[in-house]
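Peer 1: Dropping the structure in here first, questions after.
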Amino acid sequence: MAGTSYKGSEIRSVDQFISSDGLDSEREKEIGQHIGYRYDVNLLPDYDRLTHFLRKYIEIMGWDDLNWLEDVHMGYEEGHAAVFDRNINGWVRVPDDIDLPDNQQDRDMIARELLVKFQMSERHPMVELREAYRKF
Amino acid sequence: MAGMTPSGSAGDDRSYAMGMHTEQLAGRTQQVFFRPEEGERFLYPWAPEVDYNKRAELDADALTSTEVNARLRALMQEGYGTIVVRNPRGKHSLGVGILNRLNLIFEGSLGYFAVGLIDGPNVRINGRVGWSCGENMMAGTVLIEKNAGSTFGAAVRGGDLVCRGSVGSRTGIDMKGGTIIVGGDTGAFSGFMMQRGRMVVCGNAGKNLGDSMYDGTIYVGGTIRDLGVDAVPAELTDLDKAWLTRKLRQYELLPAQGVDHFTKIVAGKQLWNYDNLEPTEKKLIL
């Protein structure tokens, strides 16, 4: 992850986007927002770092690996760790009191676990949206 | 516009109740927070409980596509976790919109838009498929034993979409995530406008591979006719090799010589013109 080069900035440290405003290049500073992703979207998961919850999820779904969760990473939004939830098309923030590991692979595993728990919970916006708009 | 809800009334109440207005929007966040104490659930709240060991068979011969899909839903509601569909006879749009875990087996070939919009099931198709198989797939696995038509995995967002045979052109067009694996060859413009995710082609790739790709990764085991605009070769890392080996072995497609010969293609990112465009957009808005 560190050393990954992007059009707008180079990711030098795993904490880069929570220890600063993350606006590196002159153009980012000028427009006041970052350019491109704040994590490596192509980073493949390290399966030695699966959490207990994720192992159980994989088993229950009858899969051999993380499946769709291979595309889930911990990102950063406005100086806070966050995960993008495709079902609500928005970022869901990780509470600040959760200790973040010192590497992106472990952070990604936490992001995957939090996202599954949130998407499957009764308080997810999809529950009400489905009630309001479902066709079958 | 009779019947439209005026702003500030019931429509707003609902969105507030859904927690979407806890504070004024800033940037792109909706300020939704995880709760660490969230319960251990593995399925959507509305998904019926199914048992993989409870098996049903469905003869699609005299049924329409709509009737087959309705029967599949009814069987899931009854707790069947393994369903075998016989005599699909190339019908279109079969097995679409399944948002639950399920083992689904089609004994025969399917028409276009097979198993699109699925989120979770494991599907095996013992035959061929037409255009746009797995279109907008969200999660799960789909394994096709023979060949597939064009736009295989169009706009796929997650999960594994696997064809043991060869596929047509524009494979994975506009794909936004997930993994597409082709055991044979793929046609022209595969990976066109790819945004993220991974495509693995064990055979050869046609012309304009990865044209205008924005992000994501393409691995090709055979020859590449030529690359599209802004698609560039990259170094195959140890993590790539480990992932390819595991994934291809999973679907019994691992070549005898391993994966070291695969070519990795990524976006050159020369088409990312935000730094030129965004200030202009900002001026227009101001």
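Naming works like this for the structure tokens: A, B, ... for the chains as they're shown, residue 1 at the start of each chain, ligands 1 onward in shown order.
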Got a sec: who's within 10 Å of stretch 223-233 of chain B, counting only C-alpha atoms, leaving out chain neighbours fewer than 3 positions off, as number ranges by chain?
Peer 2: B: 185-192, 201-215, 217-220, 236, 262-272
Peer 1: So that I have them on file, write out the residues from the current selection with N, CA and C atoms, as a compact mmCIF listing (two decimals), in the first residue's frame.
Peer 2:
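And here is the file that came out, part32.txt:
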# COMPACT_ATOMS: atom_id res chain seq x y z
N ASP B 185 -11.08 -18.49 -24.46
CA ASP B 185 -10.72 -17.18 -25.03
C ASP B 185 -11.82 -16.16 -24.78
N THR B 186 -11.44 -14.89 -24.89
CA THR B 186 -12.43 -13.82 -24.80
C THR B 186 -12.32 -12.92 -26.04
N GLY B 187 -13.44 -12.30 -26.43
CA GLY B 187 -13.48 -11.52 -27.66
C GLY B 187 -12.95 -10.10 -27.50
N ALA B 188 -13.24 -9.27 -28.53
CA ALA B 188 -12.74 -7.90 -28.57
C ALA B 188 -13.35 -7.04 -27.47
N PHE B 189 -12.65 -6.00 -27.10
CA PHE B 189 -13.11 -5.00 -26.14
C PHE B 189 -13.47 -5.59 -24.77
N SER B 190 -12.81 -6.66 -24.39
CA SER B 190 -13.05 -7.18 -23.04
C SER B 190 -12.46 -6.20 -22.03
N GLY B 191 -13.19 -6.02 -20.92
CA GLY B 191 -12.74 -5.07 -19.90
C GLY B 191 -12.93 -3.62 -20.32
N PHE B 192 -13.78 -3.39 -21.31
CA PHE B 192 -14.04 -2.02 -21.77
C PHE B 192 -14.65 -1.18 -20.64
N VAL B 201 -8.35 -14.36 -17.83
CA VAL B 201 -8.60 -15.07 -19.09
C VAL B 201 -7.49 -16.10 -19.24
N CYS B 202 -7.85 -17.37 -19.19
CA CYS B 202 -6.81 -18.41 -19.27
C CYS B 202 -6.32 -18.57 -20.71
N GLY B 203 -7.17 -18.29 -21.68
CA GLY B 203 -6.78 -18.41 -23.09
C GLY B 203 -6.34 -17.07 -23.66
N ASN B 204 -6.77 -16.81 -24.90
CA ASN B 204 -6.34 -15.58 -25.58
C ASN B 204 -7.39 -14.48 -25.46
N ALA B 205 -6.93 -13.24 -25.61
CA ALA B 205 -7.83 -12.09 -25.57
C ALA B 205 -7.84 -11.39 -26.93
N GLY B 206 -9.02 -10.96 -27.36
CA GLY B 206 -9.16 -10.26 -28.64
C GLY B 206 -8.63 -8.84 -28.59
N LYS B 207 -8.91 -8.10 -29.65
CA LYS B 207 -8.31 -6.77 -29.74
C LYS B 207 -8.96 -5.76 -28.79
N ASN B 208 -8.20 -4.71 -28.52
CA ASN B 208 -8.63 -3.62 -27.64
C ASN B 208 -8.96 -4.09 -26.22
N LEU B 209 -8.14 -4.94 -25.70
CA LEU B 209 -8.35 -5.41 -24.32
C LEU B 209 -8.19 -4.24 -23.34
N GLY B 210 -9.17 -4.12 -22.44
CA GLY B 210 -9.09 -3.10 -21.38
C GLY B 210 -9.20 -1.68 -21.89
N ASP B 211 -9.87 -1.50 -23.01
CA ASP B 211 -9.97 -0.15 -23.58
C ASP B 211 -10.65 0.81 -22.60
N SER B 212 -10.04 1.94 -22.38
CA SER B 212 -10.57 2.99 -21.49
C SER B 212 -10.84 2.49 -20.09
N MET B 213 -10.08 1.52 -19.64
CA MET B 213 -10.30 1.04 -18.27
C MET B 213 -9.85 2.12 -17.29
N TYR B 214 -10.60 2.23 -16.22
CA TYR B 214 -10.39 3.28 -15.23
C TYR B 214 -9.56 2.75 -14.07
N ASP B 215 -9.84 1.50 -13.72
CA ASP B 215 -9.09 0.82 -12.67
C ASP B 215 -9.39 -0.67 -12.79
N THR B 217 -7.99 -4.93 -12.59
CA THR B 217 -6.85 -5.73 -13.07
C THR B 217 -7.33 -6.82 -14.02
N ILE B 218 -6.58 -7.02 -15.10
CA ILE B 218 -6.89 -8.11 -16.05
C ILE B 218 -5.66 -9.01 -16.12
N TYR B 219 -5.89 -10.32 -15.99
CA TYR B 219 -4.80 -11.29 -16.12
C TYR B 219 -5.10 -12.15 -17.35
N VAL B 220 -4.12 -12.31 -18.22
CA VAL B 220 -4.32 -13.12 -19.44
C VAL B 220 -3.23 -14.19 -19.52
N LEU B 236 3.61 -8.78 -12.37
CA LEU B 236 2.83 -9.80 -11.67
C LEU B 236 3.51 -10.06 -10.32
N PHE B 262 1.20 -15.68 -16.83
CA PHE B 262 0.09 -14.73 -17.02
C PHE B 262 0.63 -13.30 -17.19
N THR B 263 -0.04 -12.54 -18.05
CA THR B 263 0.28 -11.13 -18.22
C THR B 263 -0.74 -10.32 -17.44
N LYS B 264 -0.25 -9.35 -16.70
CA LYS B 264 -1.15 -8.51 -15.90
C LYS B 264 -1.33 -7.15 -16.59
N ILE B 265 -2.57 -6.75 -16.72
CA ILE B 265 -2.90 -5.48 -17.37
C ILE B 265 -3.65 -4.58 -16.38
N VAL B 266 -3.23 -3.35 -16.29
CA VAL B 266 -3.92 -2.39 -15.42
C VAL B 266 -4.16 -1.08 -16.19
N ALA B 267 -4.82 -0.16 -15.52
CA ALA B 267 -5.08 1.15 -16.16
C ALA B 267 -3.84 2.02 -16.07
N GLY B 268 -3.52 2.69 -17.17
CA GLY B 268 -2.40 3.61 -17.17
C GLY B 268 -2.74 4.91 -16.46
N LYS B 269 -4.03 5.14 -16.24
CA LYS B 269 -4.56 6.32 -15.53
C LYS B 269 -4.23 7.63 -16.22
N GLN B 270 -3.96 7.56 -17.52
CA GLN B 270 -3.75 8.79 -18.27
C GLN B 270 -5.08 9.43 -18.66
N LEU B 271 -6.16 8.67 -18.50
CA LEU B 271 -7.48 9.23 -18.82
C LEU B 271 -8.13 9.89 -17.61
N TRP B 272 -7.41 9.85 -16.48
CA TRP B 272 -7.94 10.53 -15.30
C TRP B 272 -7.67 12.01 -15.47
Peer 1: Give me the residues near A:Asn67 as a CSV table (one decimal) with C-alpha atoms, in the first residue's frame, where near means some atom within 7 Å (using only C-alpha atoms) and where sequence neighbours in that chain fewer than 5 positions away do not count.
Peer 2:
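Wrote selection.csv, looks like this:
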chain,number,residue,atom,x,y,z
B,139,ALA,CA,-22.3,-11.5,-4.8
B,140,GLY,CA,-22.2,-15.3,-5.0
B,159,GLY,CA,-18.8,-12.3,-6.7
B,160,ASP,CA,-17.2,-14.9,-9.0
Peer 1: Please determine, counting only C-alpha atoms, which residue among A:Ala81, A:Met74, A:Val127, A:Met109 has the shortest atom-to-atom distance to A:Ser19.
Peer 2: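 Smallest separation from A:Ser19 among the options: A:Ala81.
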Peer 1: So the first atom is atom CA of B:Glu40 and the second is atom CA of A:Phe17; what is the distance between them in Å, to one decimal place?
Peer 2: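 Here the two named atoms are 29.7 Å from each other.
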Peer 1: Determine, counting only C-alpha atoms, which protein, DNA and RNA residues have an atom within 9 Å of an atom of A:Glu113; residues of the same chain fewer than 5 positions away are not included. Present the result as a ChimeraX atom specification.
Peer 2: /A:51,53-54,108,118
Peer 1: Would you export the selected residues with C-alpha atoms as a short mmCIF file (atom, residue, chain, number, x, y, z; two decimals), in the first residue's frame, please?
Peer 2:
data_model
loop_
_atom_site.label_atom_id
_atom_site.label_comp_id
_atom_site.auth_asym_id
_atom_site.auth_seq_id
_atom_site.Cartn_x
_atom_site.Cartn_y
_atom_site.Cartn_z
CA THR A 51 -11.23 -12.70 11.17
CA PHE A 53 -16.51 -13.68 11.85
CA LEU A 54 -15.46 -13.63 8.20
CA ASP A 108 -9.56 -4.20 5.28
CA PHE A 118 -24.24 -3.39 9.13
#
Peer 1: For A:Tyr47, please output as a list in words all residues within 10 Å (counting only C-alpha atoms; exclusion window: fewer than 4 positions along the same chain).
Peer 2: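 Within the cut-off, the hits are Thr51, Arg55, Asp65, Leu66, Gln105 and Met109 of chain A; Trp243 of chain B.
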Peer 1: What does the distance between atom CA of B:Met199 and atom CA of B:Arg101 come to in Å, to one decimal place?
Peer 2: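 One can read the atom CA of B:Met199 to atom CA of B:Arg101 distance as 23.8 Å.
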Peer 1: So which bits of chain A end up strand (DSSP E) when you DSSP the backbone, as a PyMOL selection string?
Peer 2: chain A and resi 4-5+10-11+75-77+80-85+90-93
